[in-house]
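Here is the structure we will look at, set down as structure tokens.
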Amino acid sequence: LIEQPEEIRLFEKVDDTLEALTPLFLPLDLWKAQNIYLSIGRDYLEAMQEKASNKDSFAEKWVERFRKLGFYLHVKI
């Protein structure tokens, strides 16, 4: 994700994986993923939100997936 932060399919794969793992209550060490998430958010979120507010469907989906990933990583921006 850090190398291709605009690639929605990567967000979907990570989201789906974390969603599948959630019911297992595994003790996951998420600090590195959380830091990457925050870095992507700092670099891309504001611009994507602006595009989404202008009805850019790609940006809308990106923001939706980004926020979903934040939920699974227990990070809020």
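Residue numbers start at 1 in each chain; chains themselves are named A, B, ... in the order of the structure tokens; ligands are numbered from 1 in the order shown.
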Self-check item: Shell of 12 Å around Arg42 in chain A, only C-alpha atoms, local chain residues under 3 positions omitted, as a PyMOL selection string
Solution: chain A and resi 2+5+35-39+45-49+66+76-77
Practice problem: Compare A:Thr17, A:Lys61, A:Trp31, A:Ser53 by their minimum atom-to-atom distance to Val75 in chain A, counting only C-alpha atoms, and give me the closest one. | Solution: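 Result for the nearest residue to Val75 in chain A: A:Trp31.
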Using DSSP assignments from the backbone, pull out every residue in chain A that falls under helix (DSSP H, G or I) and give it to me as a compact mmCIF listing (two decimals) with N, CA, C and O atoms, in the first residue's frame.
# COMPACT_ATOMS: atom_id res chain seq x y z
N ILE A 8 -6.88 0.80 -5.26
CA ILE A 8 -8.03 0.38 -4.43
C ILE A 8 -8.03 -1.13 -4.20
O ILE A 8 -8.40 -1.59 -3.12
N ARG A 9 -7.61 -1.91 -5.18
CA ARG A 9 -7.63 -3.36 -5.01
C ARG A 9 -6.76 -3.80 -3.83
O ARG A 9 -7.08 -4.78 -3.15
N LEU A 10 -5.68 -3.09 -3.58
CA LEU A 10 -4.84 -3.42 -2.43
C LEU A 10 -5.58 -3.15 -1.12
O LEU A 10 -5.51 -3.95 -0.19
N PHE A 11 -6.29 -2.03 -1.06
CA PHE A 11 -7.11 -1.74 0.12
C PHE A 11 -8.13 -2.85 0.33
O PHE A 11 -8.36 -3.30 1.44
N GLU A 12 -8.77 -3.27 -0.76
CA GLU A 12 -9.79 -4.31 -0.67
C GLU A 12 -9.20 -5.61 -0.13
O GLU A 12 -9.80 -6.26 0.73
N LYS A 13 -8.02 -6.00 -0.62
CA LYS A 13 -7.39 -7.23 -0.14
C LYS A 13 -7.05 -7.16 1.34
O LYS A 13 -7.31 -8.10 2.09
N VAL A 14 -6.48 -6.05 1.75
CA VAL A 14 -6.13 -5.89 3.17
C VAL A 14 -7.39 -5.84 4.02
O VAL A 14 -7.48 -6.50 5.07
N ASP A 15 -8.39 -5.08 3.58
CA ASP A 15 -9.67 -5.01 4.31
C ASP A 15 -10.27 -6.40 4.47
O ASP A 15 -10.69 -6.80 5.57
N ASP A 16 -10.33 -7.15 3.37
CA ASP A 16 -10.94 -8.48 3.40
C ASP A 16 -10.18 -9.42 4.33
O ASP A 16 -10.77 -10.21 5.07
N THR A 17 -8.87 -9.32 4.31
CA THR A 17 -8.04 -10.17 5.18
C THR A 17 -8.29 -9.84 6.65
O THR A 17 -8.52 -10.74 7.47
N LEU A 18 -8.26 -8.55 6.98
CA LEU A 18 -8.49 -8.16 8.37
C LEU A 18 -9.92 -8.47 8.82
O LEU A 18 -10.13 -8.87 9.96
N GLU A 19 -10.87 -8.33 7.91
CA GLU A 19 -12.25 -8.67 8.24
C GLU A 19 -12.37 -10.16 8.55
O GLU A 19 -13.06 -10.55 9.51
N ALA A 20 -11.69 -11.00 7.79
CA ALA A 20 -11.73 -12.44 8.03
C ALA A 20 -11.04 -12.82 9.33
O ALA A 20 -11.46 -13.77 10.01
N LEU A 21 -10.01 -12.08 9.71
CA LEU A 21 -9.27 -12.39 10.94
C LEU A 21 -9.95 -11.88 12.20
O LEU A 21 -9.73 -12.43 13.29
N THR A 22 -10.78 -10.87 12.08
CA THR A 22 -11.41 -10.24 13.25
C THR A 22 -12.13 -11.22 14.17
O THR A 22 -11.92 -11.20 15.38
N PRO A 23 -12.96 -12.12 13.65
CA PRO A 23 -13.67 -13.04 14.56
C PRO A 23 -12.77 -14.04 15.27
O PRO A 23 -13.18 -14.67 16.23
N LEU A 24 -11.54 -14.17 14.82
CA LEU A 24 -10.62 -15.13 15.44
C LEU A 24 -9.95 -14.58 16.70
O LEU A 24 -9.31 -15.33 17.44
N TRP A 31 1.13 -2.16 14.72
CA TRP A 31 1.73 -0.83 14.80
C TRP A 31 2.35 -0.39 13.48
O TRP A 31 2.22 0.77 13.09
N LYS A 32 3.02 -1.30 12.76
CA LYS A 32 3.64 -0.91 11.50
C LYS A 32 2.56 -0.56 10.46
O LYS A 32 2.66 0.45 9.77
N ALA A 33 1.54 -1.39 10.38
CA ALA A 33 0.43 -1.12 9.46
C ALA A 33 -0.27 0.18 9.83
O ALA A 33 -0.67 0.96 8.95
N GLN A 34 -0.43 0.44 11.12
CA GLN A 34 -1.06 1.68 11.56
C GLN A 34 -0.23 2.89 11.16
O GLN A 34 -0.77 3.91 10.72
N ASN A 35 1.09 2.80 11.28
CA ASN A 35 1.96 3.90 10.88
C ASN A 35 1.89 4.15 9.38
O ASN A 35 1.89 5.30 8.93
N ILE A 36 1.86 3.09 8.60
CA ILE A 36 1.73 3.23 7.15
C ILE A 36 0.39 3.86 6.80
O ILE A 36 0.31 4.76 5.96
N TYR A 37 -0.66 3.42 7.47
CA TYR A 37 -1.99 3.98 7.26
C TYR A 37 -1.99 5.48 7.53
O TYR A 37 -2.51 6.27 6.74
N LEU A 38 -1.41 5.88 8.64
CA LEU A 38 -1.35 7.30 8.99
C LEU A 38 -0.55 8.10 7.96
O LEU A 38 -0.93 9.22 7.60
N SER A 39 0.53 7.52 7.48
CA SER A 39 1.35 8.18 6.47
C SER A 39 0.57 8.37 5.17
O SER A 39 0.59 9.46 4.57
N ILE A 40 -0.14 7.35 4.74
CA ILE A 40 -0.97 7.46 3.53
C ILE A 40 -2.06 8.50 3.75
O ILE A 40 -2.35 9.31 2.87
N GLY A 41 -2.65 8.50 4.93
CA GLY A 41 -3.68 9.48 5.24
C GLY A 41 -3.17 10.91 5.16
O GLY A 41 -3.82 11.78 4.61
N ARG A 42 -1.99 11.14 5.71
CA ARG A 42 -1.40 12.48 5.66
C ARG A 42 -1.14 12.92 4.22
O ARG A 42 -1.31 14.08 3.88
N ASP A 43 -0.71 11.98 3.40
CA ASP A 43 -0.32 12.32 2.03
C ASP A 43 -1.47 12.37 1.03
O ASP A 43 -1.39 13.08 0.04
N TYR A 44 -2.54 11.60 1.28
CA TYR A 44 -3.57 11.44 0.25
C TYR A 44 -5.00 11.77 0.66
O TYR A 44 -5.82 12.11 -0.19
N LEU A 45 -5.33 11.63 1.92
CA LEU A 45 -6.72 11.69 2.33
C LEU A 45 -7.40 13.02 1.99
O LEU A 45 -8.49 13.04 1.43
N GLU A 46 -6.76 14.12 2.31
CA GLU A 46 -7.39 15.42 2.07
C GLU A 46 -7.71 15.62 0.59
O GLU A 46 -8.82 16.04 0.24
N ALA A 47 -6.78 15.30 -0.28
CA ALA A 47 -7.01 15.46 -1.72
C ALA A 47 -8.11 14.53 -2.20
O ALA A 47 -8.96 14.93 -3.01
N MET A 48 -8.12 13.31 -1.70
CA MET A 48 -9.15 12.36 -2.12
C MET A 48 -10.53 12.78 -1.60
O MET A 48 -11.52 12.64 -2.31
N GLN A 49 -10.59 13.31 -0.39
CA GLN A 49 -11.87 13.79 0.13
C GLN A 49 -12.39 14.95 -0.71
O GLN A 49 -13.59 15.04 -0.96
N GLU A 50 -11.50 15.83 -1.12
CA GLU A 50 -11.90 16.96 -1.95
C GLU A 50 -12.45 16.46 -3.29
O GLU A 50 -13.49 16.92 -3.75
N LYS A 51 -11.75 15.52 -3.90
CA LYS A 51 -12.22 14.95 -5.17
C LYS A 51 -13.55 14.24 -4.98
O LYS A 51 -14.45 14.34 -5.82
N ALA A 52 -13.68 13.52 -3.87
CA ALA A 52 -14.92 12.80 -3.59
C ALA A 52 -16.08 13.77 -3.41
O ALA A 52 -17.20 13.50 -3.85
N SER A 53 -15.82 14.91 -2.80
CA SER A 53 -16.89 15.90 -2.62
C SER A 53 -17.33 16.49 -3.95
O SER A 53 -18.42 17.04 -4.06
N SER A 57 -15.99 9.38 -8.59
CA SER A 57 -16.37 8.06 -8.09
C SER A 57 -15.15 7.26 -7.60
O SER A 57 -15.25 6.52 -6.62
N PHE A 58 -14.01 7.40 -8.28
CA PHE A 58 -12.81 6.72 -7.81
C PHE A 58 -12.43 7.22 -6.42
O PHE A 58 -12.16 6.43 -5.51
N ALA A 59 -12.42 8.52 -6.24
CA ALA A 59 -12.05 9.11 -4.94
C ALA A 59 -13.06 8.72 -3.86
O ALA A 59 -12.67 8.45 -2.72
N GLU A 60 -14.33 8.67 -4.20
CA GLU A 60 -15.35 8.25 -3.23
C GLU A 60 -15.07 6.84 -2.74
O GLU A 60 -15.12 6.56 -1.54
N LYS A 61 -14.77 5.94 -3.68
CA LYS A 61 -14.49 4.55 -3.31
C LYS A 61 -13.18 4.47 -2.51
O LYS A 61 -13.09 3.72 -1.55
N TRP A 62 -12.18 5.25 -2.90
CA TRP A 62 -10.91 5.24 -2.20
C TRP A 62 -11.11 5.66 -0.75
O TRP A 62 -10.61 5.01 0.17
N VAL A 63 -11.83 6.75 -0.53
CA VAL A 63 -12.08 7.25 0.83
C VAL A 63 -12.85 6.21 1.64
O VAL A 63 -12.53 5.95 2.80
N GLU A 64 -13.84 5.59 1.02
CA GLU A 64 -14.62 4.56 1.71
C GLU A 64 -13.72 3.40 2.14
O GLU A 64 -13.77 2.96 3.29
N ARG A 65 -12.88 2.92 1.23
CA ARG A 65 -11.98 1.81 1.55
C ARG A 65 -10.92 2.22 2.57
O ARG A 65 -10.55 1.44 3.45
N PHE A 66 -10.43 3.44 2.45
CA PHE A 66 -9.43 3.93 3.39
C PHE A 66 -10.01 3.96 4.80
O PHE A 66 -9.37 3.50 5.76
N ARG A 67 -11.21 4.47 4.93
CA ARG A 67 -11.85 4.53 6.26
C ARG A 67 -12.14 3.13 6.81
O ARG A 67 -12.00 2.89 8.00
N LYS A 68 -12.56 2.22 5.92
CA LYS A 68 -12.81 0.85 6.37
C LYS A 68 -11.52 0.22 6.90
O LYS A 68 -11.53 -0.44 7.93
N LEU A 69 -10.43 0.46 6.20
CA LEU A 69 -9.14 -0.06 6.66
C LEU A 69 -8.79 0.52 8.02
O LEU A 69 -8.32 -0.17 8.91
N GLY A 70 -9.03 1.81 8.20
CA GLY A 70 -8.79 2.44 9.49
C GLY A 70 -9.57 1.79 10.61
O GLY A 70 -9.08 1.62 11.73
N PHE A 71 -10.81 1.39 10.31
CA PHE A 71 -11.63 0.70 11.30
C PHE A 71 -10.95 -0.59 11.76
O PHE A 71 -10.83 -0.85 12.95
N TYR A 72 -10.49 -1.38 10.78
CA TYR A 72 -9.86 -2.66 11.13
C TYR A 72 -8.50 -2.49 11.77
O TYR A 72 -8.06 -3.35 12.54
N LEU A 73 -7.84 -1.38 11.48
CA LEU A 73 -6.54 -1.11 12.11
C LEU A 73 -6.68 -0.37 13.43
O LEU A 73 -5.70 -0.10 14.10
